[in-house]
Amino acid sequence: MSKRTAEGEDGNTPLKGGVRPEPMDIDHDKDMGDFEDEFEDEFESEDEIFEAGVDGRPDAEREAEEQAAGAMDVDNGTFIVGRNKLEAGQHLAPDLGTYEMLHNLSTPWPCLSFDIIRDGLGDNREKVYPATMYTVAGTQAESKREKENQLMIMKFSGLSRMQKDDEDSESDDDDDDEDSDPILESKSIPLTSTTNRIRSHQIPSQDPSQPPTTLTATMTESTNVFIHDVTPHLASFDNPGTIITPQQNKPLSTIRAHKSEGYAIDWSPLVPGGKLLTGDNDGLIYVTTRTDGGGWVTDTRAFQGHTSSVEEIQWSPQEVSVFASASSDGTVRVWDVRSKSRKPAITVKVSSTDVNVMSWSRLTTHLLATGADDGVWGVWDLRQWKGGEQKPSPIASFNYHKEQITSIEWHPTDDSMVAVAAGDHKVTLWDLSVELDDEESKDTAGVKDMPPQLLFEHISEHAKELHWHPQIPGTLVATGQEFSVFRPIPVVYGIHTK
């Protein structure tokens, strides 16, 4: 708090808190005698009044005491999941005032993985309520009930925004749909194994009046990878009475190249017809391509280089032949599918523990984010990866989460924002455009080791995977014990214009 400057000698300087009061009505009778100032001994000069401050102490001394007290108050009153423990009978509840939308939806069995399907409802739908979205997911049934597993094609609708206390009650009555309960509709394809990871891909239609062909690739515990066409399943939601035939539930192709299960799978964003990478626990990576005739061919020559399981694969968003892989051997390796040797072009050790997840920025294509088993996630500048013995350092690294990182993803339209999920039941949103020096970044709002880049924290029990919705800015979906669909208030995430 800075001192308020003294007024000018003419007395016309405006006061900080408002307008200047009217002049006092003073009796100017010259015969009036002098009187004694009873405060004369207390203050010798006007300078002493300003120096003493409002409570008789120098302002600097009072400011230091207030800052120390304020930091202590914030630190004592802030509950941080993973650091503080709930007392008996206590339960965590979200601060609903920080959400514009928040819904939880349950499925018959928890889902380890899911993907969001682009739809024909338009882009930039952040002001459209109730919201609607389409997803695909694979279930994780109990060990003795594996045959109940399924590939789920889902429609979430009736996703209303949060009711605000200051909203006009009359306008709420006019739009009952905004207060409707969320609806989960689903179509299922039987699977006999848990889905480790699922990813979707859309083949553009030659007929503009027809929707794209939506494919899913499901990597299962059984070591098989199934490719399905779920286009009819999606269409059935908006065409009542549609019957899905047993033939439409059958996979278009089954990839049997892997001898162990895996979690790494990704469709190329630059090959419209469909090109798929899959990696397994033996450290092997295979590429499968859709032929012109609509068939699928898997190259049996595996990409080899990792010394442990492949946990994540990401195609380059810019170069059609390049991809990166992350492994429990602690490395990220960059490959070229044209390489006859099937060996990585670049290998970088990014963690002393398993590298679980990875996300390649589609806006700033030299940035790669990784998340590891020790709870650390970081951002790497691929222009610094030259190969050889040189070991680059991350351009940003955060050790906020206290359990393994389970999912990480760049914002689709803002290259400074990243969403992270971890085993400590938290989904966090980060703004990397916040740059502070080392001294300033030690704590935020008086809370020790709270990075200033941390924007928002959402509790999601057993959070396994998250995705930004590409057509509803600022909206995220996370899967764990159940599906969580949420959108923080705009002041949290912002809609930046770069």
# chains A, B, ... in the order shown; residues from 1 in each chain; ligands from 1
>>> residues_around(residues="region 371-385 of chain A", least_positions_apart="3", cutoff="6 Å", atoms="only C-alpha atoms", output="JSON, numbers by chain")
{"A": [353, 354, 355, 356, 357, 366, 367, 368, 394, 395, 396, 397, 398, 399, 401, 402, 403, 404, 405]}
>>> write_last_selection(atoms="C-alpha atoms", output="PDB file, in the first residue's frame")
ATOM      1  CA  THR A 353      10.728 -42.661 -13.984  1.00  0.00           C
ATOM      2  CA  ASP A 354       8.118 -43.882 -16.462  1.00  0.00           C
ATOM      3  CA  VAL A 355       6.954 -41.323 -19.006  1.00  0.00           C
ATOM      4  CA  ASN A 356       3.236 -42.057 -19.018  1.00  0.00           C
ATOM      5  CA  VAL A 357       1.718 -39.477 -21.337  1.00  0.00           C
ATOM      6  CA  HIS A 366       7.996 -27.405 -31.778  1.00  0.00           C
ATOM      7  CA  LEU A 367       6.488 -27.799 -28.284  1.00  0.00           C
ATOM      8  CA  LEU A 368       5.971 -31.196 -26.667  1.00  0.00           C
ATOM      9  CA  PRO A 394      12.687 -28.565 -20.344  1.00  0.00           C
ATOM     10  CA  ILE A 395      11.618 -24.971 -20.930  1.00  0.00           C
ATOM     11  CA  ALA A 396       9.063 -25.457 -18.134  1.00  0.00           C
ATOM     12  CA  SER A 397       8.735 -28.118 -15.431  1.00  0.00           C
ATOM     13  CA  PHE A 398       6.236 -28.508 -12.593  1.00  0.00           C
ATOM     14  CA  ASN A 399       6.318 -30.810  -9.583  1.00  0.00           C
ATOM     15  CA  HIS A 401       1.048 -33.165  -8.484  1.00  0.00           C
ATOM     16  CA  LYS A 402       2.021 -35.747  -5.865  1.00  0.00           C
ATOM     17  CA  GLU A 403       1.020 -38.840  -7.844  1.00  0.00           C
ATOM     18  CA  GLN A 404       1.637 -40.093 -11.384  1.00  0.00           C
ATOM     19  CA  ILE A 405       0.524 -37.960 -14.325  1.00  0.00           C
TER      20      ILE A 405
END
>>> select_by_dssp(residues="region 127-277 of chain A", states="alpha helix (DSSP H)", output="PyMOL selection string")
chain A and resi 169-174+231-236+246-249
>>> residues_around(residues="region 207-224 of chain A", least_positions_apart="6", cutoff="10 Å", atoms="only C-alpha atoms", output="ChimeraX atom specification")
/A:113-115,117-120,136-138,140,151,153,191-201,230-235,251-267,273-274,276-281
>>> closest_residue(among="A:Cys111, A:Leu284, A:Met162, A:Ile203", to="Pro488 (chain A)", atoms="only C-alpha atoms")
A:Met162
>>> residues_around(residues="region 317-323 of chain A", least_positions_apart="2", cutoff="10 Å", atoms="only C-alpha atoms", output="ChimeraX atom specification")
/A:266,268-271,277,313-315,325,333-339,344-345,360-366
>>> decode(residues="region 172-260 of chain A", atoms="C-alpha atoms", output="PDB file, in the first residue's frame")
ATOM      1  CA  ASP A 172     -35.031 -18.745 -15.927  1.00  0.00           C
ATOM      2  CA  ASP A 173     -38.727 -19.582 -16.086  1.00  0.00           C
ATOM      3  CA  ASP A 174     -38.746 -18.784 -19.791  1.00  0.00           C
ATOM      4  CA  ASP A 175     -35.982 -21.265 -20.479  1.00  0.00           C
ATOM      5  CA  ASP A 176     -36.545 -24.425 -18.502  1.00  0.00           C
ATOM      6  CA  ASP A 177     -34.100 -26.304 -20.727  1.00  0.00           C
ATOM      7  CA  GLU A 178     -31.157 -24.513 -19.123  1.00  0.00           C
ATOM      8  CA  ASP A 179     -32.015 -26.150 -15.822  1.00  0.00           C
ATOM      9  CA  SER A 180     -32.621 -29.623 -17.257  1.00  0.00           C
ATOM     10  CA  ASP A 181     -30.813 -32.698 -15.969  1.00  0.00           C
ATOM     11  CA  PRO A 182     -28.065 -34.114 -18.192  1.00  0.00           C
ATOM     12  CA  ILE A 183     -28.955 -37.071 -20.402  1.00  0.00           C
ATOM     13  CA  LEU A 184     -26.579 -39.876 -21.359  1.00  0.00           C
ATOM     14  CA  GLU A 185     -27.646 -41.965 -24.343  1.00  0.00           C
ATOM     15  CA  SER A 186     -25.449 -44.829 -25.487  1.00  0.00           C
ATOM     16  CA  LYS A 187     -25.022 -47.548 -28.057  1.00  0.00           C
ATOM     17  CA  SER A 188     -22.689 -50.404 -27.244  1.00  0.00           C
ATOM     18  CA  ILE A 189     -20.497 -52.819 -29.157  1.00  0.00           C
ATOM     19  CA  PRO A 190     -19.621 -55.962 -27.176  1.00  0.00           C
ATOM     20  CA  LEU A 191     -15.964 -56.507 -26.283  1.00  0.00           C
ATOM     21  CA  THR A 192     -14.500 -59.350 -24.269  1.00  0.00           C
ATOM     22  CA  SER A 193     -11.567 -57.407 -22.826  1.00  0.00           C
ATOM     23  CA  THR A 194     -10.816 -54.162 -21.027  1.00  0.00           C
ATOM     24  CA  THR A 195     -10.051 -51.173 -23.239  1.00  0.00           C
ATOM     25  CA  ASN A 196      -6.660 -49.700 -22.410  1.00  0.00           C
ATOM     26  CA  ARG A 197      -6.870 -46.817 -24.888  1.00  0.00           C
ATOM     27  CA  ILE A 198      -9.310 -45.673 -27.568  1.00  0.00           C
ATOM     28  CA  ARG A 199      -8.896 -43.054 -30.287  1.00  0.00           C
ATOM     29  CA  SER A 200     -11.238 -41.846 -33.029  1.00  0.00           C
ATOM     30  CA  HIS A 201     -10.647 -40.694 -36.594  1.00  0.00           C
ATOM     31  CA  GLN A 202     -12.965 -39.147 -39.173  1.00  0.00           C
ATOM     32  CA  ILE A 203     -12.707 -39.695 -42.914  1.00  0.00           C
ATOM     33  CA  PRO A 204     -14.225 -36.720 -44.769  1.00  0.00           C
ATOM     34  CA  SER A 205     -17.292 -37.511 -46.879  1.00  0.00           C
ATOM     35  CA  GLN A 206     -17.203 -37.003 -50.637  1.00  0.00           C
ATOM     36  CA  ASP A 207     -20.807 -35.807 -50.354  1.00  0.00           C
ATOM     37  CA  PRO A 208     -21.009 -32.525 -48.380  1.00  0.00           C
ATOM     38  CA  SER A 209     -24.556 -33.383 -47.303  1.00  0.00           C
ATOM     39  CA  GLN A 210     -23.375 -36.572 -45.577  1.00  0.00           C
ATOM     40  CA  PRO A 211     -21.495 -36.820 -42.270  1.00  0.00           C
ATOM     41  CA  PRO A 212     -17.896 -38.071 -42.203  1.00  0.00           C
ATOM     42  CA  THR A 213     -17.108 -41.716 -41.556  1.00  0.00           C
ATOM     43  CA  THR A 214     -16.140 -42.042 -37.898  1.00  0.00           C
ATOM     44  CA  LEU A 215     -13.689 -44.813 -37.024  1.00  0.00           C
ATOM     45  CA  THR A 216     -12.477 -45.954 -33.625  1.00  0.00           C
ATOM     46  CA  ALA A 217      -9.306 -47.884 -32.779  1.00  0.00           C
ATOM     47  CA  THR A 218      -9.526 -49.774 -29.483  1.00  0.00           C
ATOM     48  CA  MET A 219      -6.405 -51.189 -27.846  1.00  0.00           C
ATOM     49  CA  THR A 220      -7.372 -53.949 -25.405  1.00  0.00           C
ATOM     50  CA  GLU A 221      -5.867 -56.081 -22.666  1.00  0.00           C
ATOM     51  CA  SER A 222      -6.198 -59.055 -25.008  1.00  0.00           C
ATOM     52  CA  THR A 223      -3.332 -57.599 -27.144  1.00  0.00           C
ATOM     53  CA  ASN A 224      -5.725 -57.168 -30.090  1.00  0.00           C
ATOM     54  CA  VAL A 225      -6.538 -53.775 -31.599  1.00  0.00           C
ATOM     55  CA  PHE A 226     -10.037 -53.411 -33.064  1.00  0.00           C
ATOM     56  CA  ILE A 227     -11.034 -50.883 -35.735  1.00  0.00           C
ATOM     57  CA  HIS A 228     -14.776 -50.147 -35.865  1.00  0.00           C
ATOM     58  CA  ASP A 229     -16.986 -47.925 -37.993  1.00  0.00           C
ATOM     59  CA  VAL A 230     -19.326 -46.196 -35.503  1.00  0.00           C
ATOM     60  CA  THR A 231     -20.959 -43.853 -38.031  1.00  0.00           C
ATOM     61  CA  PRO A 232     -24.347 -45.649 -37.891  1.00  0.00           C
ATOM     62  CA  HIS A 233     -24.273 -45.706 -34.106  1.00  0.00           C
ATOM     63  CA  LEU A 234     -23.777 -41.930 -33.967  1.00  0.00           C
ATOM     64  CA  ALA A 235     -26.511 -41.327 -36.547  1.00  0.00           C
ATOM     65  CA  SER A 236     -28.986 -43.448 -34.571  1.00  0.00           C
ATOM     66  CA  PHE A 237     -29.120 -40.915 -31.718  1.00  0.00           C
ATOM     67  CA  ASP A 238     -30.875 -38.381 -33.927  1.00  0.00           C
ATOM     68  CA  ASN A 239     -32.905 -40.877 -35.945  1.00  0.00           C
ATOM     69  CA  PRO A 240     -35.336 -42.635 -33.594  1.00  0.00           C
ATOM     70  CA  GLY A 241     -36.159 -46.199 -34.502  1.00  0.00           C
ATOM     71  CA  THR A 242     -32.785 -46.893 -36.116  1.00  0.00           C
ATOM     72  CA  ILE A 243     -31.668 -50.470 -35.526  1.00  0.00           C
ATOM     73  CA  ILE A 244     -27.974 -51.343 -35.362  1.00  0.00           C
ATOM     74  CA  THR A 245     -27.375 -54.729 -36.964  1.00  0.00           C
ATOM     75  CA  PRO A 246     -24.932 -57.346 -35.638  1.00  0.00           C
ATOM     76  CA  GLN A 247     -22.879 -56.851 -38.801  1.00  0.00           C
ATOM     77  CA  GLN A 248     -22.452 -53.140 -38.006  1.00  0.00           C
ATOM     78  CA  ASN A 249     -21.067 -54.087 -34.589  1.00  0.00           C
ATOM     79  CA  LYS A 250     -18.308 -56.207 -36.085  1.00  0.00           C
ATOM     80  CA  PRO A 251     -14.837 -54.675 -36.426  1.00  0.00           C
ATOM     81  CA  LEU A 252     -13.633 -53.603 -39.853  1.00  0.00           C
ATOM     82  CA  SER A 253     -10.226 -54.979 -38.963  1.00  0.00           C
ATOM     83  CA  THR A 254      -8.422 -56.679 -36.059  1.00  0.00           C
ATOM     84  CA  ILE A 255      -4.703 -55.968 -35.624  1.00  0.00           C
ATOM     85  CA  ARG A 256      -2.982 -59.048 -34.186  1.00  0.00           C
ATOM     86  CA  ALA A 257       0.654 -57.967 -34.587  1.00  0.00           C
ATOM     87  CA  HIS A 258       1.210 -57.338 -30.864  1.00  0.00           C
ATOM     88  CA  LYS A 259       2.212 -60.180 -28.540  1.00  0.00           C
ATOM     89  CA  SER A 260       1.615 -58.121 -25.385  1.00  0.00           C
TER      90      SER A 260
END
